[in-house]
Structure formats: structure tokens, C-alpha cells
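**Student:** entry00.cif is reproduced below (mmCIF, C-alpha atoms).
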```
data_query
loop_
_atom_site.label_atom_id
_atom_site.label_comp_id
_atom_site.auth_asym_id
_atom_site.auth_seq_id
_atom_site.Cartn_x
_atom_site.Cartn_y
_atom_site.Cartn_z
CA MET A 1 107.72 -166.40 91.56
CA THR A 2 104.40 -165.57 93.18
CA ASP A 3 101.22 -167.57 92.66
CA ARG A 4 99.95 -164.75 90.45
CA PHE A 5 102.55 -165.56 87.77
CA GLU A 6 102.16 -169.35 87.84
CA PRO A 7 99.41 -169.57 85.20
CA ALA A 8 101.45 -167.38 82.82
CA ALA A 9 104.57 -169.46 83.50
CA ARG A 10 102.65 -172.65 82.70
CA ILE A 11 101.34 -171.16 79.45
CA LEU A 12 104.82 -170.07 78.43
CA LYS A 13 106.15 -173.54 79.16
CA ASP A 14 103.31 -175.11 77.13
CA HIS A 15 104.41 -172.93 74.20
CA GLN A 16 108.11 -173.81 74.68
CA TYR A 17 108.98 -170.16 75.44
CA ASP A 18 108.70 -169.54 71.68
CA SER A 19 108.35 -165.82 70.98
CA SER A 20 106.91 -166.59 67.54
CA LYS A 21 103.85 -167.91 69.44
CA LEU A 22 103.21 -164.58 71.19
CA ILE A 23 99.62 -164.22 69.96
CA PRO A 24 98.49 -167.70 71.09
CA ILE A 25 100.34 -167.14 74.38
CA LEU A 26 98.51 -163.87 74.95
CA GLN A 27 95.19 -165.52 74.04
CA LYS A 28 95.71 -168.24 76.65
CA VAL A 29 96.90 -165.71 79.23
CA GLN A 30 93.79 -163.59 78.61
CA ASP A 31 91.61 -166.68 78.97
CA GLU A 32 93.26 -167.31 82.34
CA TYR A 33 93.27 -163.76 83.75
CA LYS A 34 90.25 -162.43 81.80
CA TYR A 35 92.45 -159.59 80.51
CA LEU A 36 96.17 -158.89 80.03
CA PRO A 37 97.54 -157.35 83.22
CA GLU A 38 100.57 -155.09 82.74
CA ASP A 39 102.76 -157.00 85.19
CA ILE A 40 101.96 -160.28 83.44
CA MET A 41 102.80 -158.78 80.02
CA ARG A 42 106.14 -157.60 81.41
CA PHE A 43 106.75 -161.08 82.81
CA ILE A 44 105.99 -162.62 79.39
CA ALA A 45 108.37 -160.18 77.67
CA ASN A 46 111.11 -161.01 80.14
CA GLU A 47 110.60 -164.77 79.83
CA LEU A 48 110.48 -164.65 76.01
CA GLU A 49 113.47 -162.29 75.94
CA ILE A 50 111.63 -159.71 73.84
CA SER A 51 110.92 -156.07 74.57
CA PRO A 52 107.87 -155.17 76.63
CA ALA A 53 107.00 -152.75 73.80
CA LYS A 54 106.53 -155.69 71.43
CA VAL A 55 104.17 -157.47 73.84
CA PHE A 56 102.22 -154.27 74.56
CA GLY A 57 102.15 -153.48 70.83
CA VAL A 58 100.56 -156.82 69.98
CA ALA A 59 98.15 -156.58 72.93
CA THR A 60 96.95 -153.13 71.92
CA PHE A 61 96.89 -153.72 68.15
CA PHE A 62 94.36 -156.55 68.16
CA ALA A 63 90.85 -155.66 69.32
CA HIS A 64 90.47 -159.16 70.76
CA PHE A 65 92.86 -158.36 73.59
CA ALA A 66 91.83 -156.41 76.69
CA ILE A 67 94.40 -154.57 78.78
CA THR A 68 91.88 -153.50 81.40
CA PRO A 69 89.70 -155.81 83.52
CA LYS A 70 86.38 -156.81 82.02
CA GLY A 71 83.15 -157.44 83.81
CA LYS A 72 81.65 -160.83 84.50
CA HIS A 73 78.99 -160.19 81.83
CA ILE A 74 80.00 -158.72 78.47
CA ILE A 75 77.49 -156.66 76.51
CA LYS A 76 78.40 -155.86 72.91
CA VAL A 77 76.21 -153.46 70.97
CA CYS A 78 76.79 -153.03 67.28
CA ASN A 79 76.97 -149.46 66.07
CA GLY A 80 77.76 -150.25 62.45
CA THR A 81 75.80 -148.57 59.67
CA ALA A 82 72.77 -150.92 59.59
CA CYS A 83 72.49 -151.02 63.38
CA HIS A 84 73.04 -147.29 63.77
CA VAL A 85 70.34 -146.50 61.22
CA LYS A 86 67.94 -148.79 63.11
CA GLY A 87 68.59 -147.11 66.47
CA SER A 88 71.54 -148.80 68.16
CA SER A 89 72.62 -145.48 69.67
CA PHE A 90 69.42 -145.48 71.75
CA VAL A 91 70.26 -148.98 72.99
CA ILE A 92 73.83 -147.92 73.81
CA ASN A 93 72.66 -144.84 75.73
CA THR A 94 70.09 -146.88 77.64
CA VAL A 95 72.66 -149.49 78.62
CA LYS A 96 75.10 -146.78 79.73
CA ASP A 97 72.36 -145.16 81.84
CA ILE A 98 71.26 -148.44 83.45
CA LEU A 99 74.85 -149.42 84.24
CA LYS A 100 75.67 -145.87 85.42
CA LEU A 101 78.75 -145.75 83.19
CA LYS A 102 80.57 -142.42 83.16
CA GLU A 103 82.27 -140.96 80.08
CA GLY A 104 85.21 -143.18 79.13
CA GLN A 105 84.13 -145.97 81.49
CA ASP A 106 83.12 -149.32 80.02
CA THR A 107 83.03 -151.58 83.09
CA THR A 108 80.73 -151.11 86.08
CA GLU A 109 82.26 -150.28 89.45
CA ASP A 110 81.19 -153.68 90.82
CA GLY A 111 82.81 -155.52 87.90
CA LEU A 112 79.53 -157.14 86.91
CA PHE A 113 79.17 -155.68 83.39
CA THR A 114 81.36 -154.43 80.56
CA LEU A 115 79.82 -152.56 77.62
CA GLU A 116 81.61 -152.73 74.28
CA CYS A 117 80.41 -150.70 71.32
CA VAL A 118 81.58 -152.53 68.21
CA SER A 119 81.65 -151.69 64.52
CA CYS A 120 80.06 -154.89 63.28
CA LEU A 121 78.73 -158.14 64.69
CA GLY A 122 78.03 -159.64 61.28
CA ALA A 123 74.28 -159.81 61.73
CA CYS A 124 73.11 -156.75 59.79
CA GLY A 125 69.81 -158.41 58.87
CA LEU A 126 68.91 -158.48 62.56
CA ALA A 127 69.77 -154.82 63.19
CA PRO A 128 70.08 -153.43 65.74
CA VAL A 129 72.06 -156.23 67.38
CA MET A 130 73.29 -156.80 70.91
CA VAL A 131 75.35 -159.72 72.17
CA LEU A 132 75.10 -160.52 75.86
CA ASP A 133 77.43 -163.23 77.14
CA ASP A 134 77.77 -164.68 73.62
CA VAL A 135 73.99 -164.80 73.02
CA VAL A 136 72.85 -162.73 70.03
CA TYR A 137 69.74 -160.56 70.37
CA GLY A 138 68.44 -159.14 67.11
CA GLN A 139 66.10 -156.22 66.63
CA ILE A 140 67.00 -155.17 70.15
CA THR A 141 65.17 -152.24 71.69
CA PRO A 142 66.20 -150.12 74.64
CA ALA A 143 63.40 -151.73 76.67
CA LYS A 144 64.50 -155.28 75.78
CA ALA A 145 68.13 -154.42 76.63
CA ALA A 146 66.98 -153.06 80.00
CA GLU A 147 64.96 -156.22 80.62
CA LEU A 148 67.94 -158.48 79.85
CA ILE A 149 70.25 -156.53 82.14
CA ASP A 150 67.64 -156.52 84.90
CA SER A 151 67.26 -160.30 84.67
CA ILE A 152 71.02 -160.75 85.12
CA VAL A 153 71.13 -158.33 88.05
CA LYS A 154 68.28 -160.26 89.73
CA ALA A 155 69.92 -163.65 89.04
CA GLU A 156 73.24 -162.41 90.44
CA ALA A 157 71.50 -161.09 93.57
CA GLN A 158 69.80 -164.47 94.09
CA HIS A 159 73.13 -166.25 93.88
CA GLY A 160 74.79 -163.77 96.21
CA ASN A 161 77.35 -162.58 93.62
#
```
The structure given in the file should be rewritten as C-alpha cells.
**Tutor:**
Amino acid sequence: MTDRFEPAARILKDHQYDSSKLIPILQKVQDEYKYLPEDIMRFIANELEISPAKVFGVATFFAHFAITPKGKHIIKVCNGTACHVKGSSFVINTVKDILKLKEGQDTTEDGLFTLECVSCLGACGLAPVMVLDDVVYGQITPAKAAELIDSIVKAEAQHGN
């Protein structure tokens, strides 16, 4: 076994190789790897003696799981009804432009940012809402979103990341 699989092997052992604990296993694996790599999901299926289709099915069914790498900083913009009516699409378009995201791309080439457009963040009274690294920003404007992203880019440049 290569070093790459050791964290997943430890997590499986912690869960007694119990296939009924697939969701918590995948949660811990995602915490470790920051997403669910295909080779790791196949390893989990093999170790739990279940089909890879079952593991992939669970991983793709729940929105919480990511099967592609995410950026260091996660930006979530609500595009639910209240947020949409209050202009969240302008925020989304601004963020996409600033991050130079192409159609179908949600993570920047440098792996610094991931943009997720979500249906609801549960803060309709603050519409439009953006969450940046788990901090909620209500009544967000395109200019404020740009300012927040710029501050992270500058901080990352200072720290040499």
C-alpha cells in the first residue's frame, strides 16, 4: 500500500471496515483528502467488499461530497429565490469574471478558489448571501465580493502561497 492510501486505510480501520458506516467513512476521507479521489473510492469499495458503483453512487448522490478537487478557499453564492430576486446572479457573474472561470469550471487553475452556486444558504433575510470560507456575508454586492476576493489574493501573495 502506498502512502497515498494510508489515511483511507486508517479511517476504514477506525470504522471497523463496516460497510453500513459508508457515509461517515466518506465524510472522514473527504476531510482528509479535501475531496473523494476516484482511486481512493475504489480502494474503499475493495476494502469494504462492496461494489465501486455503491461507493460512487453515495458520493454523487449527496451534495456534501466532492468528487473533484476543491480550492483552498470556498465561495458559496446563494441563487435561491430571495437571493436571485435581490441580484445574486450579478454577484455570481462578477466572481466568475474575477476568478477567470470558464463555462463548467468551478475551481481556479491555481487551486486557490472554488465557486459553488447553491440553492439555499438559509439566510433569506440577508439576501443576497455569499459564504466565503464559512463566513456569511449578507446583502453582498458584486463590489463587496470583488473586495473580499482581492483581500484573500493579497493575503495569499504575502504568505507566498
**Student:** Distance CA of Lys70 in chain A-CA of Thr114 in chain A, one decimal place?
**Tutor:**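 So the answer is 5.7 Å.
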**Student:** Applying the PyMOL selection byres ((chain A and resi 145) around 12) to the file I just gave you, which residues come out? Please list them as a count of residues only.
**Tutor:** 36
**Student:** Which one is closest to Ile40 in chain A: A:Leu121, A:Ala63, A:Val135, A:Ala9? Count only C-alpha atoms.
**Tutor:**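 Among the listed residues, the smallest separation from Ile40 in chain A belongs to A:Ala9.
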**Student:** Tell me, in Å to one decimal, how far CA of Gln105 in chain A is from CA of Ala66 in chain A.
**Tutor:**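 So the two atoms, CA of Gln105 in chain A and CA of Ala66 in chain A, lie 13.8 Å apart.
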**Student:** Using the chain letters and numbering of this document, enumerate as a tab-separated table (two decimals) with C-alpha atoms, in the coordinates of the input the residues selected by the PyMOL selection byres ((chain A and resi 11-19) around 12).
**Tutor:**
```
chain	number	residue	atom	x	y	z
A	5	PHE	CA	102.55	-165.56	87.77
A	6	GLU	CA	102.16	-169.35	87.84
A	7	PRO	CA	99.41	-169.57	85.20
A	8	ALA	CA	101.45	-167.38	82.82
A	9	ALA	CA	104.57	-169.46	83.50
A	10	ARG	CA	102.65	-172.65	82.70
A	20	SER	CA	106.91	-166.59	67.54
A	21	LYS	CA	103.85	-167.91	69.44
A	22	LEU	CA	103.21	-164.58	71.19
A	23	ILE	CA	99.62	-164.22	69.96
A	24	PRO	CA	98.49	-167.70	71.09
A	25	ILE	CA	100.34	-167.14	74.38
A	26	LEU	CA	98.51	-163.87	74.95
A	27	GLN	CA	95.19	-165.52	74.04
A	28	LYS	CA	95.71	-168.24	76.65
A	29	VAL	CA	96.90	-165.71	79.23
A	30	GLN	CA	93.79	-163.59	78.61
A	31	ASP	CA	91.61	-166.68	78.97
A	32	GLU	CA	93.26	-167.31	82.34
A	33	TYR	CA	93.27	-163.76	83.75
A	40	ILE	CA	101.96	-160.28	83.44
A	41	MET	CA	102.80	-158.78	80.02
A	43	PHE	CA	106.75	-161.08	82.81
A	44	ILE	CA	105.99	-162.62	79.39
A	45	ALA	CA	108.37	-160.18	77.67
A	46	ASN	CA	111.11	-161.01	80.14
A	47	GLU	CA	110.60	-164.77	79.83
A	48	LEU	CA	110.48	-164.65	76.01
A	49	GLU	CA	113.47	-162.29	75.94
A	50	ILE	CA	111.63	-159.71	73.84
A	51	SER	CA	110.92	-156.07	74.57
A	54	LYS	CA	106.53	-155.69	71.43
A	55	VAL	CA	104.17	-157.47	73.84
A	58	VAL	CA	100.56	-156.82	69.98
```
**Student:** What separation in Å, quoted to one decimal, exists between CA of Gly125 in chain A and CA of Gly71 in chain A?
**Tutor:** 28.3 Å
**Student:** Which residue gives the smallest distance to Ala155 in chain A among A:Ile74, A:Leu112, A:Cys117, A:Ala59, with all atoms listed in the file counted?
**Tutor:** A:Leu112
**Student:** Counting only C-alpha atoms, which residue out of A:Pro52, A:Gly111, A:Gly122, A:Gly104 sits closest to Gly80 in chain A?
**Tutor:**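 Smallest distance to Gly80 in chain A is found for A:Gly122.
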**Student:** Under the rule that only C-alpha atoms are counted, which of A:Ala53, A:Ile67, A:Cys124, A:Cys78 is the nearest residue to Leu36 in chain A?
**Tutor:**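 Ranking A:Ala53, A:Ile67, A:Cys124, A:Cys78 by distance to Leu36 in chain A, first place goes to A:Ile67.
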**Student:** Given only C-alpha atoms as the basis, pick out the residue of A:Thr60, A:Glu38, A:Ala82, A:Asp133 nearest to Cys120 in chain A.
**Tutor:**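 Closest candidate: A:Ala82.
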**Student:** Return the single residue from A:Thr2, A:Lys86, A:Phe61, A:Tyr35 that is closest to Leu126 in chain A, with distances computed using all atoms listed in the file.
**Tutor:**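 Looking at the shortest contact to Leu126 in chain A, the residue is A:Lys86.
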**Student:** Fix up range 136-147 of chain A with all heavy atoms, then write it as a short mmCIF file (atom, residue, chain, number, x, y, z; two decimals), in the coordinates of the input.
**Tutor:**
```cif
data_model
loop_
_atom_site.label_atom_id
_atom_site.label_comp_id
_atom_site.auth_asym_id
_atom_site.auth_seq_id
_atom_site.Cartn_x
_atom_site.Cartn_y
_atom_site.Cartn_z
N VAL A 136 73.20 -163.82 70.95
CA VAL A 136 72.85 -162.73 70.03
C VAL A 136 71.37 -162.37 70.17
O VAL A 136 70.51 -163.25 70.14
CB VAL A 136 73.15 -163.13 68.57
CG1 VAL A 136 72.73 -162.03 67.61
CG2 VAL A 136 74.62 -163.48 68.39
N TYR A 137 71.11 -161.08 70.30
CA TYR A 137 69.74 -160.56 70.37
C TYR A 137 69.56 -159.59 69.21
O TYR A 137 70.18 -158.54 69.18
CB TYR A 137 69.48 -159.86 71.70
CG TYR A 137 69.57 -160.80 72.88
CD1 TYR A 137 70.78 -160.96 73.57
CD2 TYR A 137 68.47 -161.54 73.29
CE1 TYR A 137 70.88 -161.84 74.63
CE2 TYR A 137 68.56 -162.42 74.36
CZ TYR A 137 69.77 -162.56 75.02
OH TYR A 137 69.86 -163.45 76.08
N GLY A 138 68.71 -159.98 68.27
CA GLY A 138 68.44 -159.14 67.11
C GLY A 138 67.24 -158.25 67.34
O GLY A 138 66.41 -158.52 68.21
N GLN A 139 67.17 -157.20 66.55
CA GLN A 139 66.10 -156.22 66.63
C GLN A 139 65.89 -155.78 68.08
O GLN A 139 64.77 -155.68 68.58
CB GLN A 139 64.81 -156.77 66.00
CG GLN A 139 65.01 -157.10 64.53
CD GLN A 139 63.84 -157.81 63.91
OE1 GLN A 139 63.02 -158.43 64.59
NE2 GLN A 139 63.75 -157.73 62.60
N ILE A 140 67.01 -155.54 68.74
CA ILE A 140 67.00 -155.17 70.15
C ILE A 140 66.45 -153.76 70.32
O ILE A 140 66.70 -152.88 69.49
CB ILE A 140 68.42 -155.31 70.77
CG1 ILE A 140 68.40 -155.24 72.29
CG2 ILE A 140 69.38 -154.28 70.19
CD1 ILE A 140 67.93 -156.50 72.93
N THR A 141 65.70 -153.56 71.35
CA THR A 141 65.17 -152.24 71.69
C THR A 141 65.78 -151.82 73.02
O THR A 141 66.26 -152.67 73.79
CB THR A 141 63.64 -152.28 71.83
OG1 THR A 141 63.31 -153.15 72.93
CG2 THR A 141 62.96 -152.77 70.55
N PRO A 142 65.73 -150.55 73.32
CA PRO A 142 66.20 -150.12 74.64
C PRO A 142 65.47 -150.85 75.78
O PRO A 142 66.09 -151.26 76.75
CB PRO A 142 65.92 -148.62 74.66
CG PRO A 142 66.02 -148.22 73.21
CD PRO A 142 65.42 -149.39 72.47
N ALA A 143 64.18 -151.05 75.63
CA ALA A 143 63.40 -151.73 76.67
C ALA A 143 63.83 -153.19 76.83
O ALA A 143 63.96 -153.69 77.95
CB ALA A 143 61.91 -151.66 76.35
N LYS A 144 64.07 -153.88 75.72
CA LYS A 144 64.50 -155.28 75.78
C LYS A 144 65.90 -155.37 76.39
O LYS A 144 66.18 -156.27 77.19
CB LYS A 144 64.48 -155.90 74.38
CG LYS A 144 64.91 -157.34 74.34
CD LYS A 144 63.98 -158.27 75.11
CE LYS A 144 64.43 -159.71 74.99
NZ LYS A 144 63.69 -160.63 75.84
N ALA A 145 66.79 -154.44 76.04
CA ALA A 145 68.13 -154.42 76.63
C ALA A 145 68.04 -154.23 78.13
O ALA A 145 68.71 -154.93 78.90
CB ALA A 145 68.97 -153.31 75.99
N ALA A 146 67.17 -153.32 78.57
CA ALA A 146 66.98 -153.06 80.00
C ALA A 146 66.46 -154.32 80.70
O ALA A 146 66.90 -154.66 81.80
CB ALA A 146 66.03 -151.90 80.20
N GLU A 147 65.55 -154.99 80.07
CA GLU A 147 64.96 -156.22 80.62
C GLU A 147 66.03 -157.31 80.79
O GLU A 147 66.08 -157.99 81.82
CB GLU A 147 63.85 -156.69 79.67
CG GLU A 147 63.08 -157.89 80.10
CD GLU A 147 62.03 -158.27 79.04
OE1 GLU A 147 61.26 -157.38 78.62
OE2 GLU A 147 62.03 -159.44 78.63
#
```
